[in-house]
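> protein33.cif is reproduced below (mmCIF, C-alpha atoms and all ligand atoms).
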```cif
data_query
loop_
_atom_site.label_atom_id
_atom_site.label_comp_id
_atom_site.auth_asym_id
_atom_site.auth_seq_id
_atom_site.Cartn_x
_atom_site.Cartn_y
_atom_site.Cartn_z
CA MET N 1330 18.22 -7.79 0.96
CA LYS N 1331 17.04 -9.58 -2.14
CA LEU N 1332 13.51 -9.54 -3.47
CA ILE N 1333 12.73 -12.78 -5.28
CA CYS N 1334 9.48 -13.12 -7.21
CA LEU N 1335 8.13 -16.66 -7.53
CA GLY N 1336 4.74 -15.69 -8.93
CA SER N 1337 2.72 -12.57 -9.64
CA GLY N 1338 -0.85 -12.56 -10.91
CA SER N 1339 -3.97 -14.65 -10.79
CA SER N 1340 -2.07 -17.93 -11.19
CA GLY N 1341 -0.34 -17.39 -7.83
CA ASN N 1342 1.51 -14.70 -5.91
CA CYS N 1343 4.63 -15.09 -3.81
CA TYR N 1344 7.59 -12.83 -3.03
CA ILE N 1345 10.57 -13.60 -0.84
CA LEU N 1346 12.49 -10.91 1.01
CA ASP N 1347 15.75 -12.75 1.55
CA GLY N 1348 18.17 -11.03 3.89
CA GLY N 1349 20.64 -13.91 3.93
CA ALA N 1350 20.25 -14.68 7.63
CA GLU N 1351 16.47 -14.37 7.63
CA ALA N 1352 13.68 -14.23 5.08
CA LEU N 1353 10.09 -13.06 4.98
CA ILE N 1354 7.53 -14.63 2.63
CA VAL N 1355 4.96 -12.20 1.24
CA GLU N 1356 1.88 -14.11 -0.02
CA ALA N 1357 1.37 -17.87 0.01
CA GLY N 1358 0.08 -18.34 -3.54
CA VAL N 1359 2.93 -20.60 -4.70
CA SER N 1360 3.74 -24.02 -3.25
CA PHE N 1361 6.03 -24.24 -0.24
CA LEU N 1362 8.27 -26.52 -2.31
CA GLU N 1363 8.98 -23.69 -4.77
CA VAL N 1364 9.92 -21.45 -1.86
CA LYS N 1365 12.16 -24.13 -0.37
CA LYS N 1366 13.98 -24.49 -3.69
CA ALA N 1367 14.47 -20.72 -3.95
CA LEU N 1368 16.00 -20.73 -0.45
CA ASP N 1369 18.20 -23.79 -1.13
CA PHE N 1370 16.08 -25.70 1.38
CA ASN N 1371 17.29 -23.48 4.22
CA ILE N 1372 13.79 -23.06 5.64
CA ARG N 1373 15.03 -22.29 9.14
CA LYS N 1374 15.68 -18.77 8.01
CA ILE N 1375 12.00 -18.11 7.23
CA ALA N 1376 10.94 -15.64 9.93
CA GLY N 1377 7.30 -15.71 8.86
CA VAL N 1378 4.70 -15.46 6.13
CA VAL N 1379 2.30 -12.55 5.54
CA VAL N 1380 -0.90 -12.99 3.54
CA SER N 1381 -2.95 -10.07 2.21
CA HIS N 1382 -6.36 -11.70 1.75
CA SER N 1383 -8.25 -14.96 1.43
CA HIS N 1384 -8.21 -15.41 -2.36
CA ARG N 1385 -6.45 -18.64 -3.29
CA ASP N 1386 -3.82 -16.99 -5.47
CA HIS N 1387 -2.56 -15.27 -2.31
CA SER N 1388 -3.43 -17.66 0.52
CA GLY N 1389 -3.70 -21.11 -1.09
CA TYR N 1390 -0.53 -22.62 0.35
CA ALA N 1391 -0.56 -20.96 3.79
CA GLY N 1392 -1.46 -24.27 5.47
CA GLU N 1393 1.75 -25.87 4.19
CA TYR N 1394 3.79 -23.33 6.15
CA GLU N 1395 1.71 -23.74 9.28
CA ARG N 1396 2.13 -27.52 9.17
CA ALA N 1397 5.89 -26.87 9.05
CA GLY N 1398 5.61 -24.70 12.19
CA ILE N 1399 6.16 -21.38 10.38
CA PRO N 1400 3.95 -18.51 11.61
CA VAL N 1401 1.49 -17.08 9.08
CA TRP N 1402 0.02 -13.60 9.65
CA ARG N 1403 -3.45 -12.95 8.20
CA PRO N 1404 -4.29 -9.48 9.51
CA TYR N 1405 -7.47 -9.38 7.38
CA GLU N 1406 -8.83 -12.01 9.80
CA THR N 1407 -7.28 -10.90 13.07
CA GLY N 1408 -7.38 -7.13 12.64
CA ASP N 1409 -4.09 -6.57 14.45
CA GLN N 1410 -2.02 -3.70 13.15
CA ARG N 1411 1.59 -4.74 13.33
CA ARG N 1412 3.87 -7.69 13.75
CA MET N 1413 7.55 -8.39 14.18
CA CYS N 1414 8.98 -11.37 12.25
CA GLY N 1415 12.67 -11.67 13.08
CA ARG N 1416 13.98 -8.17 12.33
CA PHE N 1417 11.17 -7.43 9.88
CA LEU N 1418 8.73 -4.91 11.36
CA ILE N 1419 5.44 -5.10 9.46
CA PHE N 1420 2.44 -2.78 9.54
CA GLN N 1421 -0.75 -3.59 7.70
CA PHE N 1422 -3.02 -1.06 6.02
CA GLU N 1423 -6.47 -1.42 4.50
CA LEU N 1424 -6.97 -1.92 0.78
CA VAL N 1425 -10.10 -1.81 -1.39
CA HIS N 1426 -10.90 -5.26 -2.81
CA ASP N 1427 -14.02 -7.45 -3.00
CA VAL N 1428 -13.01 -9.20 0.24
CA PRO N 1429 -11.13 -7.78 3.27
CA CYS N 1430 -7.59 -7.18 2.04
CA CYS N 1431 -4.51 -5.45 3.37
CA GLY N 1432 -1.25 -4.01 2.17
CA PHE N 1433 2.00 -4.11 4.10
CA TYR N 1434 4.61 -1.57 5.08
CA ILE N 1435 7.70 -3.62 5.86
CA ALA N 1436 10.83 -2.21 7.49
CA HIS N 1437 14.14 -3.98 7.97
CA PRO N 1438 17.53 -2.52 9.02
CA GLU N 1439 19.19 -3.84 5.84
CA MET N 1440 16.45 -2.80 3.42
CA GLY N 1441 14.90 0.42 4.63
CA SER N 1442 11.18 0.19 3.93
CA LEU N 1443 9.04 -1.52 1.34
CA VAL N 1444 5.41 -0.73 0.61
CA TYR N 1445 3.50 -3.69 -0.82
CA ALA N 1446 -0.03 -3.31 -2.18
CA SER N 1447 -1.87 -5.63 -4.54
CA ASP N 1448 -5.50 -6.44 -5.27
CA THR N 1449 -6.95 -3.02 -4.60
CA GLU N 1450 -8.85 -0.43 -6.58
CA TYR N 1451 -6.74 2.36 -5.09
CA ILE N 1452 -4.54 3.12 -2.09
CA LYS N 1453 -5.90 5.56 0.46
CA TYR N 1454 -2.59 6.30 2.09
CA ARG N 1455 0.57 8.17 1.35
CA PHE N 1456 3.81 6.92 2.85
CA HIS N 1457 6.77 8.78 4.24
CA HIS N 1458 9.63 8.31 1.78
CA PRO N 1459 9.51 4.55 1.25
CA THR N 1460 12.75 2.98 -0.02
CA HIS N 1461 11.02 0.43 -2.27
CA ILE N 1462 7.51 0.01 -3.67
CA LEU N 1463 5.97 -3.26 -4.87
CA VAL N 1464 2.60 -2.33 -6.27
CA GLU N 1465 -0.11 -3.71 -8.50
CA ALA N 1466 -0.54 -2.36 -12.02
CA ASN N 1467 -3.30 -4.67 -13.15
CA TYR N 1468 -4.78 -3.28 -16.33
CA SER N 1469 -4.84 -0.43 -18.76
CA ALA N 1470 -8.29 0.83 -19.67
CA ASP N 1471 -7.13 1.04 -23.32
CA LEU N 1472 -6.40 -2.68 -23.45
CA ILE N 1473 -9.77 -3.89 -22.20
CA ASP N 1474 -12.09 -5.14 -24.88
CA PRO N 1475 -15.41 -3.50 -24.03
CA ALA N 1476 -17.21 -6.58 -25.27
CA ALA N 1477 -15.29 -8.86 -22.94
CA VAL N 1478 -17.63 -10.61 -20.56
CA ASN N 1479 -15.23 -10.35 -17.65
CA ARG N 1480 -14.89 -6.57 -17.93
CA ASP N 1481 -16.54 -5.83 -14.61
CA HIS N 1482 -14.61 -8.54 -12.89
CA VAL N 1483 -11.37 -7.10 -14.24
CA LEU N 1484 -12.13 -3.58 -13.10
CA THR N 1485 -13.49 -4.43 -9.67
CA GLY N 1486 -10.93 -4.61 -6.94
CA HIS N 1487 -7.85 -4.09 -9.06
CA MET N 1488 -5.69 -1.10 -9.83
CA SER N 1489 -5.45 0.49 -13.25
CA LEU N 1490 -2.09 1.66 -14.56
CA GLN N 1491 -3.23 5.28 -14.21
CA THR N 1492 -4.11 4.77 -10.53
CA THR N 1493 -0.73 3.11 -10.00
CA LEU N 1494 1.07 6.04 -11.66
CA ASP N 1495 -0.79 8.52 -9.45
CA PHE N 1496 0.23 6.52 -6.39
CA LEU N 1497 3.87 6.44 -7.51
CA ALA N 1498 3.91 10.17 -8.20
CA ALA N 1499 2.49 10.86 -4.73
CA ASN N 1500 5.10 8.63 -3.05
CA ASN N 1501 8.15 9.49 -5.10
CA SER N 1502 11.16 10.90 -3.25
CA PRO N 1503 14.95 10.93 -3.55
CA GLU N 1504 14.96 7.97 -1.15
CA LEU N 1505 12.97 5.74 -3.50
CA MET N 1506 15.37 3.09 -4.87
CA ASN N 1507 13.14 0.57 -6.66
CA VAL N 1508 9.66 0.22 -8.03
CA VAL N 1509 8.34 -3.21 -8.91
CA LEU N 1510 5.01 -3.43 -10.74
CA CYS N 1511 3.13 -6.60 -9.92
CA HIS N 1512 -0.07 -8.56 -10.60
CA LEU N 1513 -0.26 -7.51 -14.26
CA SER N 1514 -3.31 -8.99 -15.94
CA GLN N 1515 -2.56 -11.59 -18.59
CA ASP N 1516 -4.87 -10.00 -21.17
CA ASN N 1517 -5.20 -6.36 -20.15
CA ALA N 1518 -1.64 -5.30 -19.38
CA ASP N 1519 1.51 -4.82 -21.42
CA PRO N 1520 4.78 -5.02 -19.46
CA ASP N 1521 7.05 -2.79 -21.57
CA PRO N 1522 4.73 0.22 -21.93
CA PHE N 1523 3.76 -0.15 -18.24
CA ARG N 1524 7.44 0.01 -17.23
CA GLU N 1525 8.09 3.00 -19.48
CA ALA N 1526 5.07 4.87 -18.12
CA ALA N 1527 6.21 4.29 -14.53
CA LYS N 1528 9.76 5.42 -15.33
CA LYS N 1529 8.33 8.79 -16.30
CA VAL N 1530 6.94 9.44 -12.81
CA VAL N 1531 9.77 8.14 -10.60
CA SER N 1532 13.52 8.62 -10.76
CA CYS N 1533 14.59 5.06 -9.92
CA PRO N 1534 14.67 1.68 -11.71
CA VAL N 1535 11.28 0.12 -12.47
CA HIS N 1536 10.92 -3.68 -12.68
CA ILE N 1537 8.08 -5.96 -13.69
CA ALA N 1538 7.34 -8.84 -11.30
CA GLU N 1539 7.48 -12.21 -13.00
CA PRO N 1540 8.67 -15.60 -11.79
CA GLY N 1541 12.46 -15.53 -11.48
CA LEU N 1542 12.80 -11.76 -11.04
CA MET N 1543 15.44 -10.92 -8.46
CA VAL N 1544 16.09 -7.35 -7.31
CA GLU N 1545 18.71 -6.18 -4.83
CA LEU N 1546 16.93 -3.96 -2.29
CA ARG N 1547 19.54 -1.64 -0.90
CA LYS N 1548 18.94 0.99 1.71
CA GLU N 1549 21.47 3.39 0.25
CA PRO N 1550 22.31 4.06 -3.41
CA PHE N 1551 25.83 2.65 -2.93
ZN ZN S 1601 -7.82 -11.02 -4.85
#
```
Would you kindly transcribe this structure into structure tokens?

Amino acid sequence: MKLICLGSGSSGNCYILDGGAEALIVEAGVSFLEVKKALDFNIRKIAGVVVSHSHRDHSGYAGEYERAGIPVWRPYETGDQRRMCGRFLIFQFELVHDVPCCGFYIAHPEMGSLVYASDTEYIKYRFHHPTHILVEANYSADLIDPAAVNRDHVLTGHMSLQTTLDFLAANNSPELMNVVLCHLSQDNADPDPFREAAKKVVSCPVHIAEPGLMVELRKEPF
């Protein structure tokens, strides 16, 4: 299973879990055309799209998929707990944002499990030995200019690096194969120190989500 990042952050979020025969789209914040290109126009393999919340950078292009007949799951509207898309089994869990927002626990026979959480102040839950974690590390308190007018907006509904590190420490296990930090703020985050800080709390590779990132999500270490 390959994780492909097409966008991460307030300009648009979209991740593809591409299993070769079938793919799941996580977040519809990048145009359908970009997704088609990334999949070599093989859109028949898209098993579904999951959207975490109504903000445009996550949901803006959902209608394009629906017009193409591809199912879009918005559990923050429907309230249902789980869904099967092809062989992807997806559970939603509640996050803490300024609008109803959910994270996803996604299991697939070729990937193991992936916990995805973005746009949240913190994560209430602890997971049983996830194989991969894709989690927001939005800002570092040290990097925020106290005089900045958008300070409150930055802090509300997003996860600080320290909160992310606490979450990673609580969910670390020998089974954890990859951590991907996502939704880094343009002004209040610094990719290299963020990666180094995360590497200190987990014993697996740590990646930073940016357009073009591709990570092989294996179930086993070999
Ligand atoms: Zn949001």
> Between CA of Gly1398 in chain N and CA of Met1543 in chain N, what is the distance, to one decimal in Å?
26.7 Å
> Can you tell me which residues sit at most 7 Å away from ligand ZN 1601 (chain S), counting only C-alpha atoms and all ligand atoms, written as a list of chain:residue names?
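Those within range of ligand ZN 1601 (chain S) are N:His1382, N:His1384, N:His1426, N:Asp1448.
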> Name the residues within 8 Å of (9.4, -16.4, 11.6), counting all atoms listed in the file in the file's coordinates, and put them as a ChimeraX atom specification.
/N:1353,1374-1378,1399-1400,1414-1415
> Restricting it to C-alpha atoms, dump the selection as a short mmCIF file (atom, residue, chain, number, x, y, z; two decimals), keeping the file's coordinate frame.

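Result written to part_36.cif:
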```cif
data_model
loop_
_atom_site.label_atom_id
_atom_site.label_comp_id
_atom_site.auth_asym_id
_atom_site.auth_seq_id
_atom_site.Cartn_x
_atom_site.Cartn_y
_atom_site.Cartn_z
CA LEU N 1353 10.09 -13.06 4.98
CA LYS N 1374 15.68 -18.77 8.01
CA ILE N 1375 12.00 -18.11 7.23
CA ALA N 1376 10.94 -15.64 9.93
CA GLY N 1377 7.30 -15.71 8.86
CA VAL N 1378 4.70 -15.46 6.13
CA ILE N 1399 6.16 -21.38 10.38
CA PRO N 1400 3.95 -18.51 11.61
CA CYS N 1414 8.98 -11.37 12.25
CA GLY N 1415 12.67 -11.67 13.08
#
```
> Do a neighbour search on Tyr1468 in chain N at 7 Å with only C-alpha atoms, toss out local chain neighbours closer than 4 positions, and write the hits as a count of residues only.
7
> Taking all atoms listed in the file into account, name the residue in N:Asp1519, N:Val1531, N:Ala1526, N:Glu1363 that is nearest to Asn1501 in chain N.
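Distance minimum relative to Asn1501 in chain N lands on N:Val1531.
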> Expressed in Å to a single decimal, how great is the separation between CA of Glu1545 in chain N and CA of Met1506 in chain N?
9.9 Å
> So which one's closest to Gly1486 in chain N, N:Val1359, N:Leu1418, N:Ile1452, N:Cys1533? Using only C-alpha atoms, please.
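Ranking N:Val1359, N:Leu1418, N:Ile1452, N:Cys1533 by distance to Gly1486 in chain N, first place goes to N:Ile1452.
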> Which is closer to Ala1391 in chain N than all the others in N:Gly1341, N:Pro1429, N:Gly1358, N:Gly1408, using only C-alpha atoms?
N:Gly1358
> Looking at all atoms listed in the file, which of N:Pro1438, N:Ala1352, N:Ala1367, N:Arg1412 is the one that sits closest to Pro1540 in chain N?
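Ranked by minimum distance to Pro1540 in chain N, first place goes to N:Ala1367.
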> So, with only C-alpha atoms as the atoms that count, which of N:Ala1499, N:Leu1546, N:Val1509, N:Ile1333 lies closest to Val1530 in chain N?
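Smallest separation from Val1530 in chain N among the options: N:Ala1499.
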> To one decimal in Å, tell me the separation between CA of Gly1541 in chain N and CA of Cys1334 in chain N.
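CA of Cys1334 in chain N lies 5.7 Å from CA of Gly1541 in chain N.
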> Of the candidates N:Asp1427, N:Asp1495, N:Glu1439, N:Glu1465, which shows the shortest atom-to-atom distance to Gly1349 in chain N, using all atoms listed in the file?
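The answer is N:Glu1439, which sits nearest to Gly1349 in chain N.
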> If you count all atoms listed in the file, which residues fall within 10 Å of Ala1397 in chain N, apart from same-chain ones fewer than 5 positions away, as a list in words?
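Skipping anything fewer than 5 positions along the chain leaves Phe1361, Ile1372 and Gly1392 of chain N.
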> Extract, using all atoms listed in the file, all DNA, RNA and protein residues at most 12 Å from Pro1404 in chain N, discarding same-chain residues fewer than 5 positions from it, and format them as a VMD selection string.
chain N and resid 1378 to 1383 1409 to 1412 1419 to 1424 1429 to 1433
> Output the selection as a CSV table (one decimal), in the frame of the given file - C-alpha atoms for each residue.

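Written out: out-v3.csv:
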```
chain,number,residue,atom,x,y,z
N,1378,VAL,CA,4.7,-15.5,6.1
N,1379,VAL,CA,2.3,-12.6,5.5
N,1380,VAL,CA,-0.9,-13.0,3.5
N,1381,SER,CA,-3.0,-10.1,2.2
N,1382,HIS,CA,-6.4,-11.7,1.8
N,1383,SER,CA,-8.2,-15.0,1.4
N,1409,ASP,CA,-4.1,-6.6,14.4
N,1410,GLN,CA,-2.0,-3.7,13.2
N,1411,ARG,CA,1.6,-4.7,13.3
N,1412,ARG,CA,3.9,-7.7,13.8
N,1419,ILE,CA,5.4,-5.1,9.5
N,1420,PHE,CA,2.4,-2.8,9.5
N,1421,GLN,CA,-0.8,-3.6,7.7
N,1422,PHE,CA,-3.0,-1.1,6.0
N,1423,GLU,CA,-6.5,-1.4,4.5
N,1424,LEU,CA,-7.0,-1.9,0.8
N,1429,PRO,CA,-11.1,-7.8,3.3
N,1430,CYS,CA,-7.6,-7.2,2.0
N,1431,CYS,CA,-4.5,-5.4,3.4
N,1432,GLY,CA,-1.2,-4.0,2.2
N,1433,PHE,CA,2.0,-4.1,4.1
```
> Work out where the centre of an axis-aligned box around every listed atom of range 1427-1440 of chain N lies and how long its edges are once 4 Å is added on each side; give both in Å to one decimal as JSON.

```
{"center_x": 2.6, "center_y": -5.4, "center_z": 3.0, "size_x": 41.2, "size_y": 15.6, "size_z": 20.0}
```
> Could I get range 1410-1518 of chain N from the block written as a PDB file, in the first residue's frame, with C-alpha atoms?

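Result file follows (result_6.pdb):
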```
ATOM      1  CA  GLN N1410     -19.582   4.848  12.967  1.00  0.00           C
ATOM      2  CA  ARG N1411     -18.033   2.660  10.332  1.00  0.00           C
ATOM      3  CA  ARG N1412     -17.934   1.978   6.646  1.00  0.00           C
ATOM      4  CA  MET N1413     -16.450  -0.539   4.263  1.00  0.00           C
ATOM      5  CA  CYS N1414     -14.970   0.811   1.002  1.00  0.00           C
ATOM      6  CA  GLY N1415     -13.681  -2.117  -1.036  1.00  0.00           C
ATOM      7  CA  ARG N1416     -11.406  -3.917   1.433  1.00  0.00           C
ATOM      8  CA  PHE N1417     -10.808  -0.763   3.478  1.00  0.00           C
ATOM      9  CA  LEU N1418     -12.611  -0.970   6.824  1.00  0.00           C
ATOM     10  CA  ILE N1419     -12.965   2.524   8.267  1.00  0.00           C
ATOM     11  CA  PHE N1420     -14.031   3.641  11.728  1.00  0.00           C
ATOM     12  CA  GLN N1421     -14.546   7.275  12.583  1.00  0.00           C
ATOM     13  CA  PHE N1422     -13.767   8.887  15.925  1.00  0.00           C
ATOM     14  CA  GLU N1423     -14.556  12.326  17.286  1.00  0.00           C
ATOM     15  CA  LEU N1424     -12.032  15.157  17.164  1.00  0.00           C
ATOM     16  CA  VAL N1425     -12.003  18.592  18.795  1.00  0.00           C
ATOM     17  CA  HIS N1426     -12.284  21.355  16.180  1.00  0.00           C
ATOM     18  CA  ASP N1427     -14.439  24.469  15.741  1.00  0.00           C
ATOM     19  CA  VAL N1428     -16.932  22.459  13.654  1.00  0.00           C
ATOM     20  CA  PRO N1429     -17.901  18.755  13.938  1.00  0.00           C
ATOM     21  CA  CYS N1430     -14.822  16.852  12.813  1.00  0.00           C
ATOM     22  CA  CYS N1431     -13.709  13.241  12.833  1.00  0.00           C
ATOM     23  CA  GLY N1432     -10.581  11.178  12.571  1.00  0.00           C
ATOM     24  CA  PHE N1433     -10.347   7.796  10.892  1.00  0.00           C
ATOM     25  CA  TYR N1434      -8.990   4.417  11.860  1.00  0.00           C
ATOM     26  CA  ILE N1435      -8.481   2.608   8.566  1.00  0.00           C
ATOM     27  CA  ALA N1436      -7.662  -1.094   8.285  1.00  0.00           C
ATOM     28  CA  HIS N1437      -6.714  -2.977   5.137  1.00  0.00           C
ATOM     29  CA  PRO N1438      -5.282  -6.514   4.784  1.00  0.00           C
ATOM     30  CA  GLU N1439      -2.229  -5.196   2.904  1.00  0.00           C
ATOM     31  CA  MET N1440      -1.532  -2.227   5.175  1.00  0.00           C
ATOM     32  CA  GLY N1441      -2.447  -3.154   8.716  1.00  0.00           C
ATOM     33  CA  SER N1442      -3.993  -0.085  10.303  1.00  0.00           C
ATOM     34  CA  LEU N1443      -3.590   3.645   9.873  1.00  0.00           C
ATOM     35  CA  VAL N1444      -4.787   6.282  12.313  1.00  0.00           C
ATOM     36  CA  TYR N1445      -5.529   9.619  10.657  1.00  0.00           C
ATOM     37  CA  ALA N1446      -6.280  12.731  12.706  1.00  0.00           C
ATOM     38  CA  SER N1447      -6.065  16.349  11.588  1.00  0.00           C
ATOM     39  CA  ASP N1448      -7.708  19.607  12.628  1.00  0.00           C
ATOM     40  CA  THR N1449      -8.081  18.862  16.310  1.00  0.00           C
ATOM     41  CA  GLU N1450      -6.838  20.382  19.536  1.00  0.00           C
ATOM     42  CA  TYR N1451      -6.090  16.936  20.948  1.00  0.00           C
ATOM     43  CA  ILE N1452      -7.038  13.283  20.495  1.00  0.00           C
ATOM     44  CA  LYS N1453      -9.124  11.711  23.236  1.00  0.00           C
ATOM     45  CA  TYR N1454      -8.386   8.144  22.270  1.00  0.00           C
ATOM     46  CA  ARG N1455      -5.555   5.698  22.431  1.00  0.00           C
ATOM     47  CA  PHE N1456      -5.316   3.034  19.748  1.00  0.00           C
ATOM     48  CA  HIS N1457      -4.271  -0.570  19.944  1.00  0.00           C
ATOM     49  CA  HIS N1458      -0.896  -0.851  18.227  1.00  0.00           C
ATOM     50  CA  PRO N1459      -1.584   1.025  14.987  1.00  0.00           C
ATOM     51  CA  THR N1460       0.762   0.179  12.097  1.00  0.00           C
ATOM     52  CA  HIS N1461       0.877   3.739  10.729  1.00  0.00           C
ATOM     53  CA  ILE N1462      -0.051   7.168  12.062  1.00  0.00           C
ATOM     54  CA  LEU N1463      -0.850  10.237   9.947  1.00  0.00           C
ATOM     55  CA  VAL N1464      -1.339  13.056  12.401  1.00  0.00           C
ATOM     56  CA  GLU N1465      -1.449  16.821  12.533  1.00  0.00           C
ATOM     57  CA  ALA N1466       1.474  18.758  14.000  1.00  0.00           C
ATOM     58  CA  ASN N1467       0.214  22.245  13.310  1.00  0.00           C
ATOM     59  CA  TYR N1468       2.300  24.670  15.307  1.00  0.00           C
ATOM     60  CA  SER N1469       4.971  25.099  17.893  1.00  0.00           C
ATOM     61  CA  ALA N1470       4.151  27.536  20.659  1.00  0.00           C
ATOM     62  CA  ASP N1471       7.719  28.899  20.376  1.00  0.00           C
ATOM     63  CA  LEU N1472       7.197  29.926  16.760  1.00  0.00           C
ATOM     64  CA  ILE N1473       4.033  31.941  17.274  1.00  0.00           C
ATOM     65  CA  ASP N1474       4.528  35.669  17.341  1.00  0.00           C
ATOM     66  CA  PRO N1475       2.490  36.790  20.353  1.00  0.00           C
ATOM     67  CA  ALA N1476       1.630  39.987  18.525  1.00  0.00           C
ATOM     68  CA  ALA N1477       0.212  38.119  15.556  1.00  0.00           C
ATOM     69  CA  VAL N1478      -3.432  38.951  15.080  1.00  0.00           C
ATOM     70  CA  ASN N1479      -4.344  35.415  14.095  1.00  0.00           C
ATOM     71  CA  ARG N1480      -2.889  33.879  17.267  1.00  0.00           C
ATOM     72  CA  ASP N1481      -6.209  32.695  18.628  1.00  0.00           C
ATOM     73  CA  HIS N1482      -7.263  31.358  15.291  1.00  0.00           C
ATOM     74  CA  VAL N1483      -4.017  29.401  15.041  1.00  0.00           C
ATOM     75  CA  LEU N1484      -4.361  27.864  18.474  1.00  0.00           C
ATOM     76  CA  THR N1485      -8.046  27.022  18.298  1.00  0.00           C
ATOM     77  CA  GLY N1486      -8.860  23.656  16.859  1.00  0.00           C
ATOM     78  CA  HIS N1487      -5.342  22.633  15.895  1.00  0.00           C
ATOM     79  CA  MET N1488      -2.735  20.463  17.508  1.00  0.00           C
ATOM     80  CA  SER N1489       0.546  21.778  18.865  1.00  0.00           C
ATOM     81  CA  LEU N1490       3.741  19.818  18.326  1.00  0.00           C
ATOM     82  CA  GLN N1491       3.846  18.985  22.040  1.00  0.00           C
ATOM     83  CA  THR N1492       0.321  17.526  21.932  1.00  0.00           C
ATOM     84  CA  THR N1493       1.291  15.516  18.853  1.00  0.00           C
ATOM     85  CA  LEU N1494       4.400  14.168  20.610  1.00  0.00           C
ATOM     86  CA  ASP N1495       2.320  13.126  23.625  1.00  0.00           C
ATOM     87  CA  PHE N1496      -0.090  11.322  21.306  1.00  0.00           C
ATOM     88  CA  LEU N1497       2.771   9.539  19.529  1.00  0.00           C
ATOM     89  CA  ALA N1498       4.367   8.480  22.807  1.00  0.00           C
ATOM     90  CA  ALA N1499       1.035   7.064  24.010  1.00  0.00           C
ATOM     91  CA  ASN N1500       0.524   5.104  20.777  1.00  0.00           C
ATOM     92  CA  ASN N1501       4.052   3.926  20.117  1.00  0.00           C
ATOM     93  CA  SER N1502       4.633   0.175  19.887  1.00  0.00           C
ATOM     94  CA  PRO N1503       6.957  -2.257  18.111  1.00  0.00           C
ATOM     95  CA  GLU N1504       4.249  -2.584  15.452  1.00  0.00           C
ATOM     96  CA  LEU N1505       4.388   1.092  14.496  1.00  0.00           C
ATOM     97  CA  MET N1506       6.056   1.307  11.049  1.00  0.00           C
ATOM     98  CA  ASN N1507       5.543   4.919   9.940  1.00  0.00           C
ATOM     99  CA  VAL N1508       4.621   8.288  11.322  1.00  0.00           C
ATOM    100  CA  VAL N1509       3.646  11.072   8.953  1.00  0.00           C
ATOM    101  CA  LEU N1510       3.205  14.562  10.385  1.00  0.00           C
ATOM    102  CA  CYS N1511       0.650  16.586   8.471  1.00  0.00           C
ATOM    103  CA  HIS N1512      -1.111  19.964   8.293  1.00  0.00           C
ATOM    104  CA  LEU N1513       1.965  21.930   9.383  1.00  0.00           C
ATOM    105  CA  SER N1514       1.211  25.638   9.579  1.00  0.00           C
ATOM    106  CA  GLN N1515       2.993  27.756   6.998  1.00  0.00           C
ATOM    107  CA  ASP N1516       4.210  30.310   9.552  1.00  0.00           C
ATOM    108  CA  ASN N1517       4.231  28.501  12.879  1.00  0.00           C
ATOM    109  CA  ALA N1518       5.869  25.168  12.099  1.00  0.00           C
TER     110      ALA N1518
END
```
